[in-house]
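Trainee: Next comes the structure file query.cif, holding mmCIF, C-alpha atoms.
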data_upload
#
loop_
_atom_site.label_atom_id
_atom_site.label_comp_id
_atom_site.auth_asym_id
_atom_site.auth_seq_id
_atom_site.Cartn_x
_atom_site.Cartn_y
_atom_site.Cartn_z
CA MET L 1 1.85 14.87 12.25
CA ASN L 2 5.31 14.21 10.86
CA LYS L 3 6.46 15.06 7.36
CA PHE L 4 6.42 11.47 6.07
CA ARG L 5 2.73 11.05 6.81
CA GLU L 6 2.01 14.53 5.37
CA PHE L 7 3.65 13.46 2.13
CA LEU L 8 1.67 10.23 1.86
CA LEU L 9 -1.55 12.11 2.56
CA LEU L 10 -0.64 14.59 -0.16
CA ILE L 11 -0.14 11.76 -2.66
CA VAL L 12 -3.54 10.33 -1.72
CA MET L 13 -5.10 13.77 -2.09
CA LEU L 14 -3.53 14.32 -5.50
CA PHE L 15 -4.77 10.97 -6.71
CA CYS L 16 -8.25 11.87 -5.51
CA VAL L 17 -8.01 14.99 -7.66
CA ALA L 18 -6.73 12.85 -10.52
CA ALA L 19 -9.70 10.49 -10.16
CA SER L 20 -11.83 12.79 -12.29
CA ALA L 21 -9.67 11.72 -15.24
CA GLY L 22 -10.60 8.06 -14.72
CA GLU L 23 -8.69 5.55 -12.62
CA ARG L 24 -6.95 3.89 -15.56
CA LYS L 25 -5.42 7.19 -16.63
CA GLN L 26 -3.59 7.85 -13.37
CA VAL L 27 0.15 7.34 -13.17
CA ILE L 28 3.14 8.42 -11.07
CA ILE L 29 6.34 9.84 -12.57
CA ILE L 30 9.48 9.72 -10.43
CA ASN L 31 12.67 11.22 -11.84
CA GLY L 32 11.60 10.39 -15.37
CA TYR L 33 10.31 6.86 -14.68
CA PHE L 34 6.64 5.86 -14.85
CA PHE L 35 5.06 3.83 -12.03
CA ASN L 36 1.56 2.65 -11.22
CA GLU L 37 2.28 2.80 -7.47
CA LEU L 38 4.79 4.52 -5.20
CA PRO L 39 7.94 2.36 -4.92
CA ALA L 40 8.66 1.06 -1.42
CA ALA L 41 12.13 2.63 -1.46
CA LEU L 42 10.65 6.12 -1.69
CA LYS L 43 8.13 5.52 1.07
CA LYS L 44 10.72 4.14 3.48
CA SER L 45 13.53 6.58 2.84
CA ILE L 46 14.45 9.89 4.39
CA THR L 47 13.75 12.01 1.35
CA PRO L 48 16.18 14.73 0.18
CA GLN L 49 15.47 18.39 0.84
CA ASP L 50 14.96 19.09 -2.86
CA LEU L 51 12.01 16.72 -3.29
CA LYS L 52 9.35 18.35 -5.46
CA VAL L 53 5.79 17.12 -6.07
CA PHE L 54 3.40 18.43 -8.73
CA VAL L 55 0.44 17.35 -10.87
CA ILE L 56 0.50 17.05 -14.67
CA LYS L 57 -2.69 16.91 -16.71
CA THR L 58 -2.99 16.65 -20.49
CA PRO L 59 -5.83 18.21 -22.52
CA ASN L 60 -7.21 14.69 -23.04
CA GLY L 61 -7.50 14.10 -19.30
CA THR L 62 -4.50 11.87 -18.61
CA THR L 63 -3.19 12.80 -15.16
CA ALA L 64 0.10 12.11 -13.38
CA VAL L 65 1.43 12.84 -9.93
CA ALA L 66 5.04 13.86 -10.58
CA ILE L 67 7.98 13.62 -8.18
CA TYR L 68 11.44 15.03 -8.84
CA SER L 69 14.65 15.20 -6.81
CA SER L 70 18.11 15.54 -8.28
CA SER L 71 19.59 13.73 -5.27
CA LEU L 72 17.08 10.88 -5.10
CA LYS L 73 18.42 7.58 -6.44
CA LEU L 74 15.93 4.81 -7.07
CA PRO L 75 17.40 1.31 -6.47
CA LYS L 76 17.35 -1.37 -9.15
CA GLU L 77 14.68 -3.25 -7.19
CA SER L 78 12.29 -0.32 -7.62
CA LEU L 79 13.17 0.20 -11.27
CA ARG L 80 12.04 -3.38 -12.00
CA TYR L 81 8.48 -2.08 -11.62
CA ALA L 82 8.86 0.97 -13.84
CA VAL L 83 6.36 1.00 -16.71
CA PRO L 84 7.73 1.56 -20.26
CA ILE L 85 6.66 4.89 -21.72
CA GLU L 86 5.00 3.19 -24.71
CA LYS L 87 2.58 1.45 -22.33
CA ILE L 88 1.45 4.73 -20.76
CA SER L 89 -1.52 6.60 -22.21
CA GLU L 90 -0.06 9.82 -23.68
CA GLY L 91 3.29 8.88 -22.23
CA GLU L 92 5.32 11.11 -24.53
CA GLU L 93 3.15 14.13 -23.76
CA LEU L 94 3.29 13.48 -20.02
CA MET L 95 7.07 13.23 -20.17
CA ARG L 96 7.34 16.44 -22.18
CA ARG L 97 5.27 18.29 -19.60
CA TYR L 98 7.18 16.64 -16.76
CA ASN L 99 10.53 17.86 -18.13
CA GLU L 100 9.10 21.36 -18.51
CA GLN L 101 7.84 21.52 -14.93
CA LYS L 102 10.49 19.69 -12.93
CA ASP L 103 12.93 22.59 -13.07
CA ALA L 104 10.30 25.32 -12.91
CA SER L 105 9.16 27.05 -9.75
CA GLY L 106 6.10 25.76 -7.91
CA GLY L 107 5.09 22.39 -6.54
CA PHE L 108 5.54 21.19 -2.98
CA SER L 109 8.76 20.35 -1.13
CA PHE L 110 9.13 17.94 1.79
CA THR L 111 11.65 16.41 4.13
CA MET L 112 10.42 12.99 5.28
CA THR L 113 11.26 10.76 8.21
CA SER L 114 9.66 7.45 9.10
CA ASP L 115 7.43 6.80 12.11
CA LYS L 116 8.52 4.12 14.53
CA PRO L 117 6.62 0.85 13.94
CA LEU L 118 4.43 -0.26 16.84
CA ILE L 119 5.22 -3.94 16.24
CA LYS L 120 8.50 -5.83 15.91
CA VAL L 121 9.68 -8.93 14.09
CA GLY L 122 10.23 -11.70 16.59
CA ASP L 123 7.56 -10.50 19.04
CA LYS L 124 4.78 -12.89 20.01
CA PHE L 125 1.53 -11.91 18.28
CA PRO L 126 -0.85 -10.81 21.05
CA ASP L 127 -3.88 -12.75 22.20
CA PHE L 128 -6.92 -11.59 20.27
CA SER L 129 -10.64 -12.06 19.84
CA ALA L 130 -12.11 -10.65 16.63
CA VAL L 131 -15.48 -10.95 14.90
CA ASP L 132 -15.89 -11.43 11.17
CA ILE L 133 -18.55 -9.94 8.92
CA LYS L 134 -20.83 -12.97 9.47
CA GLY L 135 -20.60 -12.73 13.27
CA LYS L 136 -18.12 -15.56 13.87
CA THR L 137 -15.52 -14.97 16.59
CA TRP L 138 -11.88 -15.82 15.87
CA THR L 139 -9.11 -16.22 18.45
CA ASN L 140 -5.50 -17.40 18.64
CA ALA L 141 -6.77 -20.96 19.05
CA ASP L 142 -8.14 -20.90 15.50
CA VAL L 143 -4.72 -20.18 14.00
CA LYS L 144 -2.53 -22.27 16.32
CA GLY L 145 0.16 -24.10 14.37
CA LYS L 146 -0.67 -22.26 11.15
CA VAL L 147 0.80 -19.33 9.27
CA MET L 148 -1.46 -16.28 9.68
CA VAL L 149 -1.54 -13.10 7.59
CA LEU L 150 -3.45 -10.00 8.71
CA ASN L 151 -4.19 -7.04 6.41
CA LEU L 152 -5.48 -3.81 7.99
CA TRP L 153 -7.50 -1.49 5.75
CA PHE L 154 -10.46 0.92 5.61
CA THR L 155 -12.88 1.87 2.85
CA GLY L 156 -11.41 5.34 2.23
CA CYS L 157 -7.92 3.94 1.59
CA GLY L 158 -7.31 3.84 -2.18
CA PRO L 159 -4.08 1.80 -1.98
CA CYS L 160 -5.88 -0.71 0.26
CA ARG L 161 -8.62 -1.27 -2.30
CA LYS L 162 -6.17 -1.39 -5.18
CA GLU L 163 -4.11 -4.27 -3.73
CA MET L 164 -7.11 -6.43 -2.76
CA PRO L 165 -7.47 -8.35 -6.08
CA GLU L 166 -3.80 -9.34 -5.98
CA LEU L 167 -4.00 -10.33 -2.31
CA SER L 168 -6.97 -12.54 -3.12
CA THR L 169 -4.77 -14.62 -5.42
CA TRP L 170 -2.51 -15.39 -2.45
CA LYS L 171 -5.33 -17.19 -0.66
CA ASP L 172 -6.12 -19.14 -3.82
CA GLU L 173 -2.48 -20.21 -4.13
CA MET L 174 -1.91 -20.89 -0.40
CA PRO L 175 -5.16 -22.32 1.03
CA ASP L 176 -3.32 -23.69 4.09
CA VAL L 177 -2.53 -20.14 5.30
CA MET L 178 -5.01 -18.23 7.48
CA PHE L 179 -5.62 -14.93 5.68
CA PHE L 180 -7.55 -12.23 7.58
CA SER L 181 -8.46 -8.68 6.63
CA SER L 182 -9.43 -6.23 9.38
CA THR L 183 -11.18 -2.86 9.40
CA TYR L 184 -12.42 -0.65 12.22
CA GLU L 185 -15.57 0.01 10.18
CA SER L 186 -18.97 -1.64 10.54
CA PRO L 187 -20.07 -4.68 8.48
CA GLU L 188 -22.46 -2.47 6.47
CA VAL L 189 -19.68 -0.05 5.48
CA ALA L 190 -17.05 -2.72 4.85
CA ARG L 191 -19.38 -4.80 2.70
CA GLN L 192 -19.66 -1.97 0.15
CA VAL L 193 -15.98 -2.50 -0.74
CA LEU L 194 -15.65 -6.23 -0.08
CA ASP L 195 -18.59 -7.14 -2.31
CA ASN L 196 -17.37 -4.88 -5.10
CA VAL L 197 -13.73 -6.00 -5.04
CA ARG L 198 -14.49 -9.61 -4.00
CA PHE L 199 -11.68 -9.64 -1.47
CA ASN L 200 -11.60 -13.27 -0.31
CA TRP L 201 -9.65 -12.98 2.98
CA ILE L 202 -11.66 -13.62 6.18
CA PRO L 203 -13.12 -10.12 6.82
CA LEU L 204 -12.88 -8.96 10.43
CA VAL L 205 -14.95 -5.85 11.21
CA ASN L 206 -15.52 -3.35 14.04
CA ASP L 207 -11.83 -3.83 14.90
CA THR L 208 -10.81 -2.24 18.19
CA GLN L 209 -7.59 -4.17 18.83
CA PHE L 210 -5.56 -4.46 15.64
CA LYS L 211 -6.16 -0.80 14.74
CA ALA L 212 -3.72 0.11 17.53
CA PHE L 213 -0.87 -1.30 15.39
CA ILE L 214 -1.26 1.56 12.88
CA GLY L 215 -0.33 4.56 15.02
CA ASN L 216 0.84 7.32 12.66
CA ASN L 217 2.30 4.91 10.11
CA GLY L 218 -0.71 4.75 7.80
CA TYR L 219 -2.71 2.10 5.96
CA PRO L 220 -2.58 -0.57 4.71
CA LEU L 221 -0.60 -2.69 7.17
CA THR L 222 0.09 -6.36 6.45
CA ILE L 223 1.46 -8.62 9.20
CA VAL L 224 2.79 -12.17 8.75
CA VAL L 225 2.76 -14.48 11.79
CA ASP L 226 4.64 -17.79 11.73
CA LYS L 227 3.42 -21.19 12.98
CA SER L 228 4.85 -20.55 16.44
CA GLY L 229 2.77 -17.39 16.80
CA LYS L 230 5.59 -14.88 16.34
CA ILE L 231 5.61 -11.90 13.98
CA ALA L 232 7.79 -12.89 11.01
CA ALA L 233 7.32 -9.82 8.79
CA PHE L 234 5.21 -6.71 8.33
CA GLU L 235 4.83 -3.86 5.87
CA TYR L 236 3.18 -0.46 6.26
CA GLY L 237 1.84 0.74 2.93
CA THR L 238 1.86 -1.24 -0.29
CA SER L 239 3.90 -1.44 -3.48
CA PRO L 240 4.91 -4.20 -5.90
CA GLU L 241 8.21 -4.66 -4.02
CA GLN L 242 6.51 -4.91 -0.64
CA ARG L 243 3.89 -7.37 -1.84
CA GLU L 244 6.48 -9.56 -3.57
CA SER L 245 8.59 -9.63 -0.40
CA LEU L 246 5.61 -10.52 1.80
CA LYS L 247 4.39 -13.25 -0.53
CA ASN L 248 7.86 -14.84 -0.67
CA GLN L 249 8.14 -14.83 3.11
CA ILE L 250 4.67 -16.35 3.52
CA SER L 251 5.57 -19.12 1.07
CA GLU L 252 8.78 -19.91 2.96
CA LEU L 253 6.94 -20.19 6.29
CA ARG L 254 4.35 -22.72 5.08
#
Represent the structure from my file as structure tokens, please.
Mentor:
Amino acid sequence: MNKFREFLLLIVMLFCVAASAGERKQVIIINGYFFNELPAALKKSITPQDLKVFVIKTPNGTTAVAIYSSSLKLPKESLRYAVPIEKISEGEELMRRYNEQKDASGGFSFTMTSDKPLIKVGDKFPDFSAVDIKGKTWTNADVKGKVMVLNLWFTGCGPCRKEMPELSTWKDEMPDVMFFSSTYESPEVARQVLDNVRFNWIPLVNDTQFKAFIGNNGYPLTIVVDKSGKIAAFEYGTSPEQRESLKNQISELR
């Protein structure tokens, strides 16, 4: 398993630990900036040798996953999604503790490199036959001449579940686009999340074909296919930047 995937798994693990503080009290601090999600730039970059990751927890239970690197420069696009400190529960206290710990010993260090994607923009989307949660079979014929978007997820993926409400608004805004979600899990398992989150994309289950696109790159994966049946865009992982980019590209293809 390469270092990039190890890092993402660590972040997921740390947020699972932070869950005991309550989901609304979780936050990420990167070089003194607050974020609700990992910026895409960090996930896609080759991270400097001095990257340091640690957990901060206040006496009142507010928890943050903290990231520090003196050589890491966040682009302006990522900083657009930084959350002002006054909007963070116990923001001042978290920042005080962050500044105390960032130069101290401890934490975890990583060097990250990206996995090679298993799909490519411009490739023809493969022939498929997939079954939704109600037992209906879908094939390429059902999406011919239409823009199609496919989101791969599973129930244990926190970032997958977190983006679902926002993704649902895309279908409401673009009813002419074919939006599918796909999981390798059974209908019974998938329904526990889908019913709770009310994810309105067509839910494909027991996936044995699309899962192969993941490889070691991690979930979620969102793929955009144009009206000619070719892959127009894709994103491994999720962040405000990635979702904004995907939504803009989908809108342009309609």
Trainee: Taking the file above as input, evaluate the PyMOL selection byres ((chain L and resi 242-253) around 9) and report the hits as an MDAnalysis selection string.
Mentor: chainID L and resid 39:40 147:149 163 166:167 170 174 177 222:227 232:241 254
Trainee: For a quick check of understanding, using all atoms listed in the file, which of L:Lys146, L:Phe34, L:Phe54, L:Gly158 has the smallest distance to Glu86 in chain L?
Mentor: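 Looking at the shortest contact to Glu86 in chain L, the residue is L:Phe34.
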Trainee: What does the distance from CA of Lys136 in chain L to CA of Val189 in chain L come to in Å, to one decimal?
Mentor: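 Answer for the CA of Lys136 in chain L to CA of Val189 in chain L separation: 17.7 Å.
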Trainee: May I ask for the distance between CA of Asn140 in chain L and CA of Leu194 in chain L, given in Å to one decimal place?
Mentor: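 Computing the Euclidean distance for CA of Asn140 in chain L and CA of Leu194 in chain L yields 24.0 Å.
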Trainee: Starting from the shown file, work through the PyMOL selection byres ((chain L and resi 72) around 9) and note down what comes out as a ChimeraX atom specification.
Mentor: /L:31,42,47-48,50-51,68-71,73-74
Trainee: So the first atom is CA of Glu185 in chain L and the second is CA of Thr155 in chain L; what is the distance between them in Å, to one decimal place?
Mentor: 8.0 Å
Trainee: Using all atoms listed in the file, which protein or nucleic acid residues come within 6 Å of Ala64 in chain L? Drop anything in the same chain fewer than 4 positions from it, and give the result as an MDAnalysis selection string.
Mentor: chainID L and resid 26:28 55:56
Trainee: Would you mind listing what lies within 10 Å of Ser182 in chain L as a count of residues only, with all atoms listed in the file counted and same-chain residues fewer than 2 positions away left out?
Mentor: 26
Trainee: Closest to Gly218 in chain L among L:Ser186, L:Cys160, L:Ser168, L:Arg198, using all atoms listed in the file?
Mentor: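 Looking only at the distances to Gly218 in chain L, the closest residue turns out to be L:Cys160.
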